[in-house]
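Pasted below: start-v3.cif, mmCIF, C-alpha atoms.
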data_coords
loop_
_atom_site.label_atom_id
_atom_site.label_comp_id
_atom_site.auth_asym_id
_atom_site.auth_seq_id
_atom_site.Cartn_x
_atom_site.Cartn_y
_atom_site.Cartn_z
CA MET A 403 104.07 157.53 58.04
CA ALA A 404 105.34 154.21 59.31
CA VAL A 405 103.13 151.17 59.84
CA GLN A 406 99.99 151.87 61.87
CA THR A 407 97.73 149.11 63.20
CA LEU A 408 94.06 149.44 64.12
CA THR A 409 92.82 146.51 66.19
CA PHE A 410 89.27 145.39 66.92
CA GLY A 411 87.95 142.54 69.04
CA CYS A 412 89.65 140.20 71.47
CA ARG A 413 92.88 140.25 73.46
CA LEU A 414 94.36 137.76 71.03
CA ASN A 415 93.91 140.31 68.25
CA ALA A 416 95.71 142.88 70.41
CA TYR A 417 98.64 140.49 70.84
CA GLU A 418 98.73 139.69 67.16
CA ALA A 419 98.68 143.36 66.16
CA GLU A 420 102.06 143.81 67.84
CA VAL A 421 103.47 140.84 65.92
CA MET A 422 101.95 142.03 62.64
CA LYS A 423 103.47 145.49 62.99
CA ALA A 424 106.90 143.99 63.64
CA GLU A 425 106.61 141.55 60.73
CA ALA A 426 105.40 144.25 58.31
CA GLU A 427 108.26 146.54 59.28
CA LYS A 428 110.68 143.62 58.89
CA ALA A 429 109.41 143.27 55.32
CA GLY A 430 110.17 146.94 54.69
CA LEU A 431 106.57 148.14 54.62
CA ASP A 432 105.93 151.78 55.40
CA ASN A 433 103.18 154.35 54.89
CA ALA A 434 100.56 151.71 55.63
CA VAL A 435 97.54 151.14 57.83
CA ILE A 436 96.82 147.53 58.83
CA ILE A 437 93.29 146.94 60.08
CA ASN A 438 93.05 143.82 62.24
CA SER A 439 89.33 143.05 62.10
CA CYS A 440 86.90 141.10 64.26
CA ALA A 441 83.99 138.96 63.07
CA VAL A 442 82.30 138.07 66.35
CA THR A 443 79.23 140.18 65.53
CA ALA A 444 77.78 141.84 62.44
CA ALA A 445 78.41 145.16 64.18
CA ALA A 446 82.11 144.29 64.49
CA VAL A 447 82.36 143.69 60.74
CA SER A 448 80.58 146.98 60.06
CA GLN A 449 83.01 148.72 62.40
CA ALA A 450 85.92 147.34 60.38
CA ARG A 451 84.43 148.70 57.15
CA GLN A 452 83.99 152.12 58.74
CA ALA A 453 87.61 152.01 59.90
CA VAL A 454 88.74 151.26 56.34
CA ARG A 455 86.90 154.28 54.97
CA LYS A 456 88.19 156.56 57.71
CA ALA A 457 91.75 155.30 57.27
CA ARG A 458 91.58 156.17 53.56
CA ARG A 459 90.18 159.64 54.27
CA ASP A 460 92.84 160.33 56.88
CA ASN A 461 95.71 158.76 54.90
CA PRO A 462 94.98 159.23 51.18
CA THR A 463 98.42 157.99 50.04
CA ALA A 464 98.81 155.10 52.49
CA ARG A 465 98.42 151.41 51.69
CA ILE A 466 95.31 150.07 53.42
CA ILE A 467 95.60 146.40 54.42
CA VAL A 468 92.75 144.44 56.00
CA THR A 469 93.26 141.22 57.92
CA GLY A 470 91.79 139.41 60.94
CA CYS A 471 88.69 137.30 61.36
CA ALA A 472 86.33 139.43 59.27
CA ALA A 473 88.87 139.50 56.45
CA GLN A 474 89.08 135.70 56.63
CA THR A 475 85.33 135.08 56.64
CA GLU A 476 84.30 137.90 54.28
CA ALA A 477 87.42 138.28 52.16
CA ARG A 478 85.75 139.15 48.87
CA SER A 479 83.55 141.86 50.32
CA PHE A 480 86.59 143.64 51.75
CA GLY A 481 88.48 143.09 48.51
CA GLU A 482 85.69 144.84 46.63
CA MET A 483 86.16 148.01 48.70
CA ALA A 484 87.95 150.60 46.57
CA GLU A 485 89.78 151.89 49.66
CA VAL A 486 91.48 148.52 50.29
CA ASP A 487 94.85 147.66 48.73
CA LEU A 488 95.31 144.16 50.16
CA VAL A 489 93.34 141.56 52.14
CA ILE A 490 95.46 139.04 54.10
CA GLY A 491 94.17 135.89 55.78
CA ASN A 492 94.30 135.32 59.51
CA HIS A 493 97.18 132.86 59.42
CA ASP A 494 99.37 134.68 56.91
CA LYS A 495 99.07 138.04 58.70
CA MET A 496 101.80 136.86 61.12
CA ASP A 497 104.34 136.33 58.31
CA ALA A 498 106.58 139.11 57.00
CA ALA A 499 106.41 137.63 53.50
CA SER A 500 102.69 138.49 53.32
CA TYR A 501 103.52 142.19 53.31
CA ALA A 502 106.40 142.05 50.83
CA PRO A 503 104.33 142.48 47.61
CA MET A 504 103.10 145.81 48.96
CA VAL A 505 106.70 146.93 49.44
CA PHE A 506 108.52 145.78 46.36
CA GLY A 507 105.78 146.40 43.83
CA ALA A 508 105.40 142.78 42.79
CA PRO A 509 102.22 142.41 40.74
CA LEU A 510 99.31 140.81 42.52
CA ASN A 511 96.95 138.65 40.50
CA ASP A 512 94.36 139.32 43.16
CA LYS A 513 94.46 141.74 46.07
CA VAL A 514 92.64 139.12 48.16
CA GLN A 515 95.38 136.86 49.54
CA VAL A 516 93.33 134.60 51.82
CA ASN A 517 93.99 130.87 52.12
CA ASP A 518 91.89 128.04 53.55
CA ILE A 519 92.20 128.54 57.32
CA MET A 520 90.75 125.07 57.98
CA SER A 521 93.91 123.49 56.54
CA VAL A 522 96.22 125.24 59.02
CA ARG A 523 97.72 122.96 61.66
CA GLU A 524 100.56 125.01 63.17
CA THR A 525 100.68 128.06 65.42
CA ALA A 526 102.83 131.11 64.87
CA GLY A 527 105.61 131.02 67.46
CA HIS A 528 106.27 134.75 67.53
CA LEU A 529 107.41 136.57 70.63
CA ILE A 530 106.66 140.20 71.34
CA GLU A 531 108.92 141.94 73.79
CA GLY A 532 106.04 143.25 75.85
CA MET A 533 102.82 145.24 75.84
CA ASP A 534 101.50 148.14 77.89
CA GLY A 535 104.96 149.55 78.40
CA ARG A 536 106.34 146.05 78.98
CA VAL A 537 104.60 145.79 82.35
CA ARG A 538 101.98 143.30 81.14
CA ALA A 539 102.41 140.94 78.20
CA PHE A 540 99.97 138.66 76.40
CA ILE A 541 101.25 135.31 75.14
CA GLN A 542 99.31 133.32 72.58
CA VAL A 543 99.36 129.68 73.66
CA GLN A 544 96.50 128.42 71.48
CA ASN A 545 94.60 129.41 68.35
CA GLY A 546 91.48 128.21 66.55
CA CYS A 547 88.48 126.24 67.76
CA ASP A 548 87.10 122.76 67.08
CA HIS A 549 83.65 123.46 68.52
CA ARG A 550 80.64 124.64 66.56
CA CYS A 551 78.50 126.89 68.74
CA THR A 552 75.50 127.82 66.66
CA PHE A 553 76.03 131.58 66.97
CA CYS A 554 79.76 131.67 66.25
CA ILE A 555 81.63 132.35 63.01
CA ILE A 556 85.06 132.42 64.68
CA PRO A 557 86.10 128.79 63.90
CA PHE A 558 85.87 129.74 60.22
CA GLY A 559 87.99 132.81 60.87
CA ARG A 560 90.59 131.11 63.06
CA GLY A 561 90.64 127.51 61.85
CA PRO A 562 91.08 124.32 63.91
CA SER A 563 92.42 124.31 67.45
CA ARG A 564 96.20 124.21 67.66
CA SER A 565 98.62 124.74 70.52
CA VAL A 566 102.05 126.27 71.10
CA PRO A 567 104.49 123.75 72.64
CA MET A 568 105.03 124.17 76.38
CA GLY A 569 108.77 124.70 76.04
CA VAL A 570 108.25 127.54 73.57
CA VAL A 571 105.77 129.24 75.91
CA VAL A 572 108.08 128.89 78.92
CA GLU A 573 111.01 130.38 76.98
CA GLN A 574 108.83 133.31 75.88
CA VAL A 575 107.82 134.00 79.47
CA LYS A 576 111.45 133.85 80.61
CA LYS A 577 112.46 136.40 77.98
CA LEU A 578 109.59 138.73 78.81
CA VAL A 579 110.39 138.62 82.53
CA GLY A 580 114.04 139.25 81.73
CA ASN A 581 112.96 142.39 79.87
CA GLY A 582 111.07 143.71 82.90
CA CYS A 583 107.58 142.26 82.41
CA ARG A 584 105.78 141.78 85.72
CA GLU A 585 102.59 140.08 84.56
CA VAL A 586 101.88 137.59 81.77
CA VAL A 587 98.42 136.79 80.42
CA LEU A 588 97.90 133.47 78.62
CA THR A 589 95.53 133.96 75.74
CA GLY A 590 93.94 132.07 72.85
CA VAL A 591 90.64 131.49 71.08
CA ASP A 592 89.63 128.44 73.15
CA ILE A 593 92.43 128.34 75.69
CA THR A 594 91.12 125.45 77.80
CA SER A 595 91.34 123.19 74.74
CA TYR A 596 95.12 123.60 74.90
CA GLY A 597 97.33 120.59 74.32
CA PRO A 598 95.76 117.49 72.71
CA ASP A 599 97.50 118.20 69.40
CA LEU A 600 100.94 118.24 71.08
CA PRO A 601 103.14 115.25 72.02
CA GLY A 602 102.07 113.89 75.39
CA ALA A 603 98.79 115.85 75.23
CA PRO A 604 99.58 118.45 77.92
CA THR A 605 96.75 120.50 79.40
CA LEU A 606 96.29 124.15 80.28
CA GLY A 607 96.79 123.24 83.93
CA ARG A 608 100.09 121.52 83.21
CA LEU A 609 101.24 124.45 81.10
CA THR A 610 100.39 126.85 83.93
CA GLN A 611 102.30 124.70 86.43
CA ALA A 612 105.33 124.56 84.11
CA ILE A 613 105.44 128.34 83.68
CA LEU A 614 105.27 128.99 87.42
CA ARG A 615 107.83 126.28 88.18
CA HIS A 616 110.38 127.28 85.55
CA VAL A 617 109.98 131.07 85.78
CA PRO A 618 110.18 131.76 89.53
CA ASP A 619 110.83 135.48 88.95
CA LEU A 620 107.42 136.01 87.30
CA PRO A 621 105.32 137.88 89.89
CA ARG A 622 101.92 137.44 88.24
CA LEU A 623 100.27 135.05 85.81
CA ARG A 624 96.74 135.38 84.46
CA ILE A 625 94.54 133.17 82.31
CA SER A 626 92.38 135.15 79.91
CA SER A 627 89.27 132.95 79.63
CA ILE A 628 88.20 129.42 80.47
CA ASP A 629 85.47 127.03 79.42
CA SER A 630 84.08 125.29 82.52
CA ILE A 631 83.58 121.95 80.79
CA GLU A 632 87.24 121.78 79.67
CA ALA A 633 89.01 122.81 82.89
CA ASP A 634 91.41 120.02 83.89
CA ALA A 635 92.42 118.67 87.31
CA ALA A 636 95.89 120.24 87.13
CA LEU A 637 94.33 123.65 86.56
CA TYR A 638 92.23 123.31 89.69
CA ASP A 639 95.33 122.19 91.59
CA VAL A 640 97.36 125.23 90.56
CA ILE A 641 94.46 127.58 91.34
CA ALA A 642 94.40 126.17 94.87
CA SER A 643 98.14 126.12 95.48
CA GLU A 644 99.84 128.95 93.59
CA ARG A 645 99.38 132.53 94.76
CA ARG A 646 101.15 133.93 91.69
CA LEU A 647 98.21 132.78 89.57
CA MET A 648 95.85 135.71 89.94
CA PRO A 649 92.42 135.09 91.55
CA HIS A 650 90.46 136.45 88.59
CA LEU A 651 89.02 134.17 85.89
CA HIS A 652 86.73 134.91 82.99
CA LEU A 653 84.14 132.27 82.12
CA SER A 654 82.88 131.52 78.63
CA LEU A 655 79.30 131.38 79.95
CA GLN A 656 77.12 132.90 77.16
CA SER A 657 73.78 132.19 78.90
CA GLY A 658 72.29 131.14 82.22
CA ASP A 659 69.37 129.22 80.73
CA ASP A 660 69.61 125.52 79.91
CA MET A 661 67.42 125.61 76.81
CA ILE A 662 69.32 128.54 75.33
CA LEU A 663 72.63 126.84 76.13
CA LYS A 664 71.38 123.74 74.30
CA ARG A 665 70.32 125.80 71.30
CA MET A 666 73.69 127.54 71.35
CA LYS A 667 75.26 124.05 71.27
CA ARG A 668 77.26 124.84 74.37
CA ARG A 669 78.55 121.84 76.28
CA HIS A 670 77.79 123.04 79.82
CA SER A 671 74.55 123.56 81.71
CA ARG A 672 73.52 126.27 84.14
CA ASP A 673 74.28 123.91 87.03
CA ASP A 674 77.71 123.18 85.58
CA ALA A 675 78.56 126.88 85.60
CA LEU A 676 77.32 127.38 89.15
CA ALA A 677 79.17 124.27 90.31
CA MET A 678 82.39 125.52 88.79
CA ALA A 679 82.00 128.92 90.46
CA ALA A 680 81.45 127.18 93.81
CA ARG A 681 84.43 124.86 93.28
CA LEU A 682 86.74 127.72 92.37
CA ARG A 683 85.77 129.68 95.46
CA ALA A 684 86.14 126.62 97.66
CA LEU A 685 89.72 126.29 96.38
CA ARG A 686 90.42 130.02 96.42
CA PRO A 687 87.93 131.94 98.60
CA ASP A 688 88.94 135.32 97.16
CA MET A 689 88.31 134.23 93.55
CA VAL A 690 86.62 136.85 91.36
CA LEU A 691 84.75 135.79 88.23
CA GLY A 692 83.74 137.51 85.04
CA ALA A 693 81.85 136.12 82.06
CA ASP A 694 80.90 136.54 78.42
CA ILE A 695 77.11 136.70 78.00
CA ILE A 696 74.94 137.01 74.89
CA ALA A 697 71.63 138.86 75.30
CA GLY A 698 68.67 138.22 73.03
CA PHE A 699 69.78 134.93 71.51
CA PRO A 700 67.15 133.53 69.08
CA THR A 701 64.06 132.10 70.85
CA GLU A 702 65.07 133.66 74.20
CA ASP A 703 61.86 134.57 76.04
CA GLU A 704 61.47 136.58 79.25
CA ALA A 705 61.75 133.54 81.52
CA MET A 706 64.92 132.37 79.76
CA PHE A 707 66.42 135.83 80.02
CA ALA A 708 65.50 135.97 83.71
CA ASN A 709 67.59 132.83 84.28
CA THR A 710 70.57 134.54 82.67
CA LEU A 711 70.03 137.74 84.64
CA ASP A 712 69.74 135.77 87.88
CA ILE A 713 73.00 133.88 87.34
CA VAL A 714 74.94 137.15 87.49
CA ALA A 715 74.08 137.43 91.20
CA GLU A 716 74.05 133.69 91.90
CA ALA A 717 77.56 133.17 90.54
CA LYS A 718 78.72 136.61 91.80
CA LEU A 719 79.92 137.71 88.38
CA THR A 720 81.65 141.08 88.47
CA HIS A 721 83.51 141.61 85.18
CA LEU A 722 80.92 141.11 82.42
CA HIS A 723 81.40 141.26 78.66
CA VAL A 724 77.82 141.52 77.34
CA PHE A 725 76.95 141.28 73.65
CA PRO A 726 73.49 141.87 72.18
CA TYR A 727 73.00 138.97 69.77
CA SER A 728 73.36 139.78 66.09
CA PRO A 729 73.00 137.10 63.40
CA ARG A 730 76.09 135.99 61.53
CA ARG A 731 75.35 134.75 58.04
CA GLY A 732 76.28 131.09 57.64
CA THR A 733 75.67 130.14 61.28
CA PRO A 734 72.76 127.91 62.42
CA ALA A 735 71.52 130.54 64.88
CA ALA A 736 70.93 132.98 62.04
CA ARG A 737 68.20 130.63 60.75
CA MET A 738 66.42 130.39 64.13
CA PRO A 739 63.46 132.61 65.12
CA GLN A 740 65.03 135.94 66.00
CA VAL A 741 64.51 138.22 68.99
CA SER A 742 64.16 141.87 67.98
CA SER A 743 67.36 143.90 68.13
CA ARG A 744 65.65 146.41 70.45
CA ILE A 745 64.82 143.68 72.97
CA ALA A 746 68.36 142.31 72.70
CA ARG A 747 69.80 145.76 73.40
CA ASP A 748 67.43 146.31 76.33
CA ARG A 749 68.36 142.94 77.85
CA ALA A 750 72.05 143.68 77.35
CA ALA A 751 71.62 146.94 79.24
CA LEU A 752 69.96 145.10 82.14
CA LEU A 753 72.81 142.58 82.25
CA ARG A 754 75.42 145.32 82.22
CA ALA A 755 73.62 147.09 85.06
CA ALA A 756 73.55 143.85 87.08
CA GLY A 757 77.24 143.33 86.43
CA GLU A 758 78.04 146.91 87.42
CA LYS A 759 76.12 146.44 90.69
CA GLN A 760 78.22 143.37 91.48
CA PHE A 761 81.39 145.22 90.48
CA GLN A 762 80.61 148.15 92.76
CA ALA A 763 79.88 145.78 95.63
CA LEU A 764 83.23 144.05 95.08
CA CYS A 765 85.07 147.37 95.08
CA ALA A 766 83.28 148.45 98.26
CA SER A 767 84.28 145.17 99.92
CA ARG A 768 87.97 146.02 99.37
CA ILE A 769 87.84 149.30 101.29
CA GLY A 770 90.00 148.94 104.37
CA MET A 771 91.89 146.02 102.82
CA THR A 772 95.55 146.00 101.79
CA GLU A 773 95.92 145.17 98.11
CA THR A 774 98.94 144.35 95.99
CA VAL A 775 98.81 146.66 92.98
CA LEU A 776 100.80 146.42 89.76
CA VAL A 777 101.37 149.94 88.42
CA GLU A 778 100.82 149.99 84.66
CA HIS A 779 100.63 153.37 82.94
CA GLY A 780 98.77 156.64 83.14
CA GLU A 781 98.93 156.47 86.94
CA THR A 782 96.68 153.42 86.88
CA GLY A 783 97.29 150.03 88.45
CA ARG A 784 95.44 146.75 88.86
CA THR A 785 94.88 144.64 91.94
CA GLU A 786 95.19 140.86 91.87
CA HIS A 787 91.42 140.79 91.26
CA TYR A 788 91.86 143.06 88.23
CA LEU A 789 90.28 146.06 89.92
CA PRO A 790 91.53 149.45 88.64
CA VAL A 791 93.43 151.60 91.11
CA SER A 792 94.56 155.22 90.91
CA VAL A 793 98.27 155.40 91.79
CA PRO A 794 99.46 158.98 91.14
CA GLY A 795 103.19 159.36 90.85
CA ALA A 796 104.01 155.65 91.05
CA PRO A 797 106.38 154.36 88.35
CA ALA A 798 105.12 151.79 85.86
CA GLY A 799 106.15 148.25 86.71
CA GLU A 800 106.21 148.74 90.46
CA LEU A 801 104.31 146.36 92.73
CA LEU A 802 102.82 148.32 95.61
CA ALA A 803 101.12 147.31 98.83
CA LEU A 804 98.24 149.75 99.08
CA ARG A 805 95.61 150.21 101.77
CA VAL A 806 92.31 150.97 100.01
CA THR A 807 90.43 153.96 101.40
CA GLY A 808 87.71 154.52 98.81
CA MET A 809 86.72 154.77 95.17
CA VAL A 810 86.86 157.81 92.88
CA ASP A 811 85.78 157.94 89.22
CA GLY A 812 85.58 154.16 88.90
CA ARG A 813 88.98 153.46 90.46
CA LEU A 814 90.02 152.40 93.92
CA VAL A 815 92.18 154.88 95.81
CA GLY A 816 94.32 154.45 98.86
CA ASP A 817 97.58 154.93 100.68
CA ALA A 818 100.70 153.19 99.41
CA LEU A 819 102.34 151.41 102.33
CA ARG A 820 105.47 149.98 100.73
CA GLN A 821 106.81 148.23 97.68
CA ALA A 822 105.39 144.72 97.61
CA ALA A 823 107.77 141.79 97.77
#
Can you give me the file's structure in the form of structure tokens?
Amino acid sequence: MAVQTLTFGCRLNAYEAEVMKAEAEKAGLDNAVIINSCAVTAAAVSQARQAVRKARRDNPTARIIVTGCAAQTEARSFGEMAEVDLVIGNHDKMDAASYAPMVFGAPLNDKVQVNDIMSVRETAGHLIEGMDGRVRAFIQVQNGCDHRCTFCIIPFGRGPSRSVPMGVVVEQVKKLVGNGCREVVLTGVDITSYGPDLPGAPTLGRLTQAILRHVPDLPRLRISSIDSIEADAALYDVIASERRLMPHLHLSLQSGDDMILKRMKRRHSRDDALAMAARLRALRPDMVLGADIIAGFPTEDEAMFANTLDIVAEAKLTHLHVFPYSPRRGTPAARMPQVSSRIARDRAALLRAAGEKQFQALCASRIGMTETVLVEHGETGRTEHYLPVSVPGAPAGELLALRVTGMVDGRLVGDALRQAA
């Protein structure tokens, strides 16, 4: 068996898993399973532990390596698992040298090789050749977070905010496009905090402008997630003026109630979020918005939850990532009066249903419209608004103009008119 990676959590983890696999193979590692864990919820950590046990059952002779955010924040507990051969910290997982002791048999004083993530100040400048069959690629432009939301353990798993220089990002995009990539997604932990640690303090908006200006052959650019309070003027300008920046943004919302937002230590209010949604649609009338939302945060009562449920319709949110709150040891929210897990799950289900209603309405609104669809794999494509489309027989990487005629099994269907320009 070669190197196998199991990835949990965010898009950034998915990007990093590709780099980790390449770096481990560069070091000569084989017959190994690398588990790239997530720490965003207690359930995510439990999922990682289950994956470790299953990996050992399925691969009794393989080396089992655990890394990622849960390995960073709970290193010793993973190190104490008999199934685990090595625990690597979040920063060092991107370095081939971290895997060398497993290859060459060098003695380890401790199988937990996790350093202080808060001392890290640089980003890993790795390039992957592409993802999803090289049709779509994710590029890490930022890592870490300097904020301290009361529910979040991630700053302690990722370290301080740090940015990849603009020139490095632009060169990565050029290479990906040269290898056939048709869509690039900019990703990070707190992507709208991009830039203040770099010379000249560039912003996410300026980075986006630079990519589109210097890589004219890139058909599509996406931004993975934005924080409304950090969006800069240049970002709004490029949203209004550049059609190659896709009209689909994901908001780091978390709640629609002002008191809960305050207790979360978020920096925006409900009105801020609604104002941003209105501003985005004024600049780009076809803008589609998604959001991260936590259900059942400590002290959340029915009226507070109703405010969050209502904002789904008010802001016309269609792509929701909903998480029932679960306490993370060491965070301030874990010490607040808790909402029962059953209530949190029930509220999460109501939010998902509200999001699905909005999503179905959006899909219905596209029937009769002509959409530009990027064909990915498995006869599936995505519209500019990130809506899934069934495209039987179309080759991956093709951009199609398609007239939407309906929806089947959660995907838009239609008649391909021609190859899009």
Kindly provide the residues of range 705-728 of chain A that approach range 440-463 of chain A to within 9 Å, each paired with its closest atom pair and their distance in Å to one decimal, based on only C-alpha atoms, listed by chain and increasing number, as JSON lines.
{"residue": "A:Phe725", "atom": "CA", "partner": "A:Thr443", "partner_atom": "CA", "distance": 8.5}
{"residue": "A:Pro726", "atom": "CA", "partner": "A:Thr443", "partner_atom": "CA", "distance": 8.9}
{"residue": "A:Tyr727", "atom": "CA", "partner": "A:Thr443", "partner_atom": "CA", "distance": 7.6}
{"residue": "A:Ser728", "atom": "CA", "partner": "A:Thr443", "partner_atom": "CA", "distance": 5.9}
Requested in this report: Please identify all polymer residues within 8 Å of range 793-795 of chain A, counting only C-alpha atoms, omitting same-chain residues fewer than 6 positions from it, and present them as an NGL selection string.
Outcome: :A and (777 or 781-783 or 815)
Requested in this report: Please write the residues picked by the PyMOL selection byres ((chain A and resi 590) around 8) on this file as a PyMOL selection string.
Outcome: chain A and resi 414+542-546+588-589+591-593+626
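Residues lying within 7 Å of Met666 in chain A, counting all atoms listed in the file and ignoring same-chain neighbours fewer than 6 positions away, are Cys551, Thr552 and Phe553 of chain A.
What separates CA of Glu632 in chain A from CA of Glu573 in chain A is a distance of 25.4 Å.
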For the structure shown, which residues end up in the PyMOL selection byres ((chain A and resi 497-501) around 8)? Put them as a PDB file with C-alpha atoms, in the coordinates of the input, please?
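Output file result33.pdb follows:
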ATOM      1  CA  MET A 422     101.950 142.030  62.640  1.00  0.00           C
ATOM      2  CA  GLU A 425     106.610 141.550  60.730  1.00  0.00           C
ATOM      3  CA  ALA A 426     105.400 144.250  58.310  1.00  0.00           C
ATOM      4  CA  GLU A 427     108.260 146.540  59.280  1.00  0.00           C
ATOM      5  CA  LYS A 428     110.680 143.620  58.890  1.00  0.00           C
ATOM      6  CA  ALA A 429     109.410 143.270  55.320  1.00  0.00           C
ATOM      7  CA  LEU A 431     106.570 148.140  54.620  1.00  0.00           C
ATOM      8  CA  ILE A 490      95.460 139.040  54.100  1.00  0.00           C
ATOM      9  CA  ASP A 494      99.370 134.680  56.910  1.00  0.00           C
ATOM     10  CA  LYS A 495      99.070 138.040  58.700  1.00  0.00           C
ATOM     11  CA  MET A 496     101.800 136.860  61.120  1.00  0.00           C
ATOM     12  CA  ALA A 502     106.400 142.050  50.830  1.00  0.00           C
ATOM     13  CA  PRO A 503     104.330 142.480  47.610  1.00  0.00           C
ATOM     14  CA  MET A 504     103.100 145.810  48.960  1.00  0.00           C
ATOM     15  CA  VAL A 505     106.700 146.930  49.440  1.00  0.00           C
TER      16      VAL A 505
END
